[in-house]
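*Asks:* This is the structure, below, for whatever I ask next.
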Amino acid sequence: MRVALCYNQKRAKAPRGLPPDADAEWDSIETIHAVRDALAERHQCVLVEGDLDCYAKLRKLKPAIVFNIAEGWGGPSREGYVPTICEMLGIPYTASDPVTLNLCLQKSHTTDILRAHGLPVPFSVVIPVASPPRQIREAMRHLVGQGLVVKPIHEGSSKGVRDSSLVRDLERLLEEVSRVHRTYHQAALAERFLEGREFTVAMLGNPPVILPIIEVDLDELPPDTNPLYSYEAKWVWDTAAKPLDIFKCPAKLKMPLDHCIRDICRQAWDVLGIRDWCRIDLRCDETGNPHLLEVNPLPGILPNPADNSCFPKAARAAGISYSQLINRVLDAAIARVGL
């Protein structure tokens, strides 16, 4: 079967007009080649960059299916670019459709839908660009003392979530909101900080199998940093040369919490219309109750175990190799579309 692997490759320098961390979601050539090699074990695999030429290339190539890991670039609908092209051309593809991908990238919309279905999410407030400081102070005065995490409203891979993003006073809140507005040219989301344990859950197949749950052990962060899985924690402090021992897999969970996390994740999968695979991040409040933080329908899949990539780590804990993981995603899509 001819499979087109659609991707966006990291650049030496972020494209003009985008923030310096814009390529954090995109894949290195090592990851692209690892996915290609896994697919090539069973299929003819052709690389197609998810750029402005993607439509013409796919139209000419006419693959049986697209394996999509392209995150897109620029704007809140960027993750839907390649799936939309595939739907225009009538080509099946892996992972979720454009509606789900774009919805999950827009954090406030995701939260609103999950909350409307009775699922636990942290309290949050959207702060639009150009909001007057006085208005922000008045709106947030009674909330900031609990601790708030300030983040861009439509970014992934911890982009814009810095160690400084956890704020507990109004002036720091204003500084972080200003940073998000100035750097990302989008609304900021001020989300209640939850004091408890943090987990990430990899889900695979239709219906999904939950792979071994990972705990993010924030006690392993450098001294004098905030208990936050920030951009620095993900991309600066944790390197292949000097990895942080931050992930515990499988997580040590008592049965009620384990069942609760699994049930919440399955419900979120169904509510948001996720397909084939996904990674969901959760954090517990001070009473130990888990809340949904992020839903990632295009999860990161760095192939090197030293890179601490969560989805491959969970797969390895389940006895699934990197190559098997990639092909199980493809098989799930093939079965779903009836190829």
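Starting from 1 in every chain, residues are counted up; chains themselves are A, B, ... following the order of the structure tokens, and ligands are numbered from 1 as listed.
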As a PDB file with N, CA and C atoms, in the first residue's frame, please: every residue in range 218-280 of chain A that DSSP puts in helix (DSSP H, G or I).

*Replies:*
ATOM      1  N   LEU A 218       7.110  16.173  39.257  1.00  0.00           N
ATOM      2  CA  LEU A 218       7.629  17.538  39.242  1.00  0.00           C
ATOM      3  C   LEU A 218       8.659  17.788  40.343  1.00  0.00           C
ATOM      4  N   ASP A 219       8.800  16.846  41.268  1.00  0.00           N
ATOM      5  CA  ASP A 219       9.851  16.969  42.276  1.00  0.00           C
ATOM      6  C   ASP A 219      11.241  16.824  41.660  1.00  0.00           C
ATOM      7  N   GLU A 220      11.300  16.292  40.434  1.00  0.00           N
ATOM      8  CA  GLU A 220      12.582  16.106  39.757  1.00  0.00           C
ATOM      9  C   GLU A 220      13.034  17.342  38.987  1.00  0.00           C
ATOM     10  N   TYR A 231       7.723  24.927  29.316  1.00  0.00           N
ATOM     11  CA  TYR A 231       8.552  24.817  28.108  1.00  0.00           C
ATOM     12  C   TYR A 231       9.989  24.482  28.482  1.00  0.00           C
ATOM     13  N   GLU A 232      10.504  25.127  29.527  1.00  0.00           N
ATOM     14  CA  GLU A 232      11.880  24.850  29.946  1.00  0.00           C
ATOM     15  C   GLU A 232      12.022  23.390  30.384  1.00  0.00           C
ATOM     16  N   ALA A 233      11.026  22.893  31.143  1.00  0.00           N
ATOM     17  CA  ALA A 233      11.082  21.516  31.620  1.00  0.00           C
ATOM     18  C   ALA A 233      11.061  20.527  30.449  1.00  0.00           C
ATOM     19  N   LYS A 234      10.299  20.857  29.423  1.00  0.00           N
ATOM     20  CA  LYS A 234      10.146  19.932  28.295  1.00  0.00           C
ATOM     21  C   LYS A 234      11.301  20.015  27.311  1.00  0.00           C
ATOM     22  N   TRP A 235      11.802  21.226  27.039  1.00  0.00           N
ATOM     23  CA  TRP A 235      12.732  21.405  25.924  1.00  0.00           C
ATOM     24  C   TRP A 235      14.115  21.934  26.307  1.00  0.00           C
ATOM     25  N   VAL A 236      14.282  22.468  27.500  1.00  0.00           N
ATOM     26  CA  VAL A 236      15.564  23.084  27.876  1.00  0.00           C
ATOM     27  C   VAL A 236      16.291  22.256  28.932  1.00  0.00           C
ATOM     28  N   MET A 255      -6.338   2.060  43.101  1.00  0.00           N
ATOM     29  CA  MET A 255      -7.374   1.667  42.152  1.00  0.00           C
ATOM     30  C   MET A 255      -8.437   2.749  41.906  1.00  0.00           C
ATOM     31  N   PRO A 256      -8.970   3.437  42.926  1.00  0.00           N
ATOM     32  CA  PRO A 256     -10.008   4.445  42.627  1.00  0.00           C
ATOM     33  C   PRO A 256      -9.505   5.557  41.715  1.00  0.00           C
ATOM     34  N   LEU A 257      -8.278   6.060  41.936  1.00  0.00           N
ATOM     35  CA  LEU A 257      -7.737   7.121  41.083  1.00  0.00           C
ATOM     36  C   LEU A 257      -7.446   6.595  39.693  1.00  0.00           C
ATOM     37  N   ASP A 258      -6.905   5.387  39.608  1.00  0.00           N
ATOM     38  CA  ASP A 258      -6.638   4.777  38.304  1.00  0.00           C
ATOM     39  C   ASP A 258      -7.921   4.671  37.487  1.00  0.00           C
ATOM     40  N   HIS A 259      -8.975   4.158  38.090  1.00  0.00           N
ATOM     41  CA  HIS A 259     -10.261   4.008  37.385  1.00  0.00           C
ATOM     42  C   HIS A 259     -10.824   5.370  36.997  1.00  0.00           C
ATOM     43  N   CYS A 260     -10.708   6.343  37.887  1.00  0.00           N
ATOM     44  CA  CYS A 260     -11.238   7.681  37.601  1.00  0.00           C
ATOM     45  C   CYS A 260     -10.528   8.306  36.411  1.00  0.00           C
ATOM     46  N   ILE A 261      -9.197   8.232  36.367  1.00  0.00           N
ATOM     47  CA  ILE A 261      -8.430   8.796  35.257  1.00  0.00           C
ATOM     48  C   ILE A 261      -8.826   8.129  33.945  1.00  0.00           C
ATOM     49  N   ARG A 262      -8.912   6.817  33.935  1.00  0.00           N
ATOM     50  CA  ARG A 262      -9.266   6.091  32.715  1.00  0.00           C
ATOM     51  C   ARG A 262     -10.667   6.468  32.239  1.00  0.00           C
ATOM     52  N   ASP A 263     -11.603   6.548  33.169  1.00  0.00           N
ATOM     53  CA  ASP A 263     -12.982   6.880  32.804  1.00  0.00           C
ATOM     54  C   ASP A 263     -13.074   8.286  32.229  1.00  0.00           C
ATOM     55  N   ILE A 264     -12.400   9.249  32.857  1.00  0.00           N
ATOM     56  CA  ILE A 264     -12.411  10.626  32.367  1.00  0.00           C
ATOM     57  C   ILE A 264     -11.813  10.707  30.970  1.00  0.00           C
ATOM     58  N   CYS A 265     -10.701  10.015  30.746  1.00  0.00           N
ATOM     59  CA  CYS A 265     -10.043  10.073  29.434  1.00  0.00           C
ATOM     60  C   CYS A 265     -10.904   9.443  28.340  1.00  0.00           C
ATOM     61  N   ARG A 266     -11.550   8.327  28.648  1.00  0.00           N
ATOM     62  CA  ARG A 266     -12.429   7.698  27.652  1.00  0.00           C
ATOM     63  C   ARG A 266     -13.604   8.616  27.312  1.00  0.00           C
ATOM     64  N   GLN A 267     -14.159   9.267  28.320  1.00  0.00           N
ATOM     65  CA  GLN A 267     -15.261  10.190  28.059  1.00  0.00           C
ATOM     66  C   GLN A 267     -14.795  11.372  27.210  1.00  0.00           C
ATOM     67  N   ALA A 268     -13.629  11.919  27.510  1.00  0.00           N
ATOM     68  CA  ALA A 268     -13.104  13.036  26.729  1.00  0.00           C
ATOM     69  C   ALA A 268     -12.871  12.621  25.287  1.00  0.00           C
ATOM     70  N   TRP A 269     -12.348  11.415  25.072  1.00  0.00           N
ATOM     71  CA  TRP A 269     -12.136  10.878  23.720  1.00  0.00           C
ATOM     72  C   TRP A 269     -13.451  10.896  22.944  1.00  0.00           C
ATOM     73  N   ASP A 270     -14.510  10.386  23.556  1.00  0.00           N
ATOM     74  CA  ASP A 270     -15.805  10.304  22.870  1.00  0.00           C
ATOM     75  C   ASP A 270     -16.413  11.689  22.639  1.00  0.00           C
ATOM     76  N   VAL A 271     -16.369  12.527  23.655  1.00  0.00           N
ATOM     77  CA  VAL A 271     -16.972  13.853  23.557  1.00  0.00           C
ATOM     78  C   VAL A 271     -16.334  14.678  22.442  1.00  0.00           C
ATOM     79  N   LEU A 272     -15.007  14.579  22.302  1.00  0.00           N
ATOM     80  CA  LEU A 272     -14.287  15.403  21.332  1.00  0.00           C
ATOM     81  C   LEU A 272     -14.159  14.741  19.967  1.00  0.00           C
TER      82      LEU A 272
END

*Asks:* For Gly90 in chain A, list every protein, DNA or RNA residue within 10 Å, evaluated using only C-alpha atoms, and leave out those in the same chain fewer than 5 positions away; present the list as a VMD selection string.

*Replies:* chain A and resid 59 62 64 to 65 84 to 85

*Asks:* Nearest to Ala333 in chain A: which of A:Ser28, A:Ser96, A:Thr183, A:Thr111 is it, counting only C-alpha atoms?

*Replies:*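 For Ala333 in chain A, the nearest of the given residues is A:Ser96.
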
*Asks:* Got a sec: who's within 12 Å of Ser164 in chain A, counting only C-alpha atoms, leaving out chain neighbours fewer than 6 positions off, as a list of chain:residue names?

*Replies:*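 With the cut-off at 12 Å, the set is A:Gly147, A:Leu148, A:Val149, A:Val150, A:Lys151, A:Arg172, A:Leu173, A:Leu174, A:Glu175, A:Glu176, A:Val177, A:Arg179, A:Val180, A:Asp224, A:Thr225, A:Asn226, A:Pro227, A:Leu228, A:Tyr229, A:Ser230, A:Tyr231, A:Glu232, A:Ala233.
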
*Asks:* Just C-alpha atoms for this one: save the residues we selected as an mmCIF file, in the first residue's frame.

*Replies:*
data_model
loop_
_atom_site.group_PDB
_atom_site.id
_atom_site.type_symbol
_atom_site.label_atom_id
_atom_site.label_comp_id
_atom_site.auth_asym_id
_atom_site.auth_seq_id
_atom_site.Cartn_x
_atom_site.Cartn_y
_atom_site.Cartn_z
ATOM 1 C CA GLY A 147 -2.343 30.570 41.777
ATOM 2 C CA LEU A 148 -2.973 30.894 38.052
ATOM 3 C CA VAL A 149 -1.126 29.503 35.037
ATOM 4 C CA VAL A 150 -1.032 31.942 32.118
ATOM 5 C CA LYS A 151 -0.720 30.415 28.655
ATOM 6 C CA ARG A 172 2.948 39.157 37.906
ATOM 7 C CA LEU A 173 -0.315 38.223 36.215
ATOM 8 C CA LEU A 174 -0.224 41.420 34.159
ATOM 9 C CA GLU A 175 3.387 40.754 33.165
ATOM 10 C CA GLU A 176 2.647 37.234 31.969
ATOM 11 C CA VAL A 177 -0.524 38.232 30.124
ATOM 12 C CA ARG A 179 4.149 38.533 27.421
ATOM 13 C CA VAL A 180 1.625 36.173 25.838
ATOM 14 C CA ASP A 224 13.914 26.868 42.923
ATOM 15 C CA THR A 225 11.627 26.326 39.929
ATOM 16 C CA ASN A 226 7.849 26.224 39.867
ATOM 17 C CA PRO A 227 6.034 22.833 40.010
ATOM 18 C CA LEU A 228 4.976 23.228 36.391
ATOM 19 C CA TYR A 229 5.669 21.122 33.309
ATOM 20 C CA SER A 230 6.809 24.187 31.410
ATOM 21 C CA TYR A 231 8.552 24.817 28.108
ATOM 22 C CA GLU A 232 11.880 24.850 29.946
ATOM 23 C CA ALA A 233 11.082 21.516 31.620
#

*Asks:* Considering only C-alpha atoms, state which residue in the set A:Met1, A:Ala314, A:Ile29, A:Ala188 is at the smallest distance from Ile136 in chain A.

*Replies:*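 For Ile136 in chain A, the nearest of the given residues is A:Ala188.
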
*Asks:* I'd like the interatomic distance between CA of Glu79 in chain A and CA of Leu298 in chain A, to a tenth of an Å.

*Replies:*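 Going from CA of Glu79 in chain A over to CA of Leu298 in chain A, I get 8.5 Å.
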
*Asks:* Out of A:Pro76, A:Pro243, A:Gly300, A:Gly145, which residue has the shortest atom-to-atom distance to Leu101 in chain A when counting only C-alpha atoms?

*Replies:*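 So, comparing all the options, the nearest one is A:Pro76.
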
*Asks:* For Asp285 in chain A, which residue out of A:Gly75, A:Pro132, A:Pro208, A:Pro120 is the nearest one, using only C-alpha atoms?

*Replies:*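 Counting only C-alpha atoms, the residue closest to Asp285 in chain A is A:Pro120.
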
*Asks:* Please, what distance in Å, to one decimal, runs between CA of Gln324 in chain A and CA of Ser158 in chain A?

*Replies:* 27.2 Å

*Asks:* Which of range 233-337 of chain A end up as strand (DSSP E or B) when DSSP is run on this backbone - answer as a PyMOL selection string?

*Replies:* chain A and resi 247-248+277-284+290-296

*Asks:* Record the distance separating CA of Ala130 in chain A and CA of His109 in chain A, expressed in Å with one decimal.

*Replies:*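 One can read the CA of Ala130 in chain A to CA of His109 in chain A distance as 20.4 Å.
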
*Asks:* Measuring between only C-alpha atoms, which one of A:Ile246, A:Val99, A:Ile274, A:Ala251 shows the shortest distance to Ser309 in chain A?

*Replies:* A:Ile246
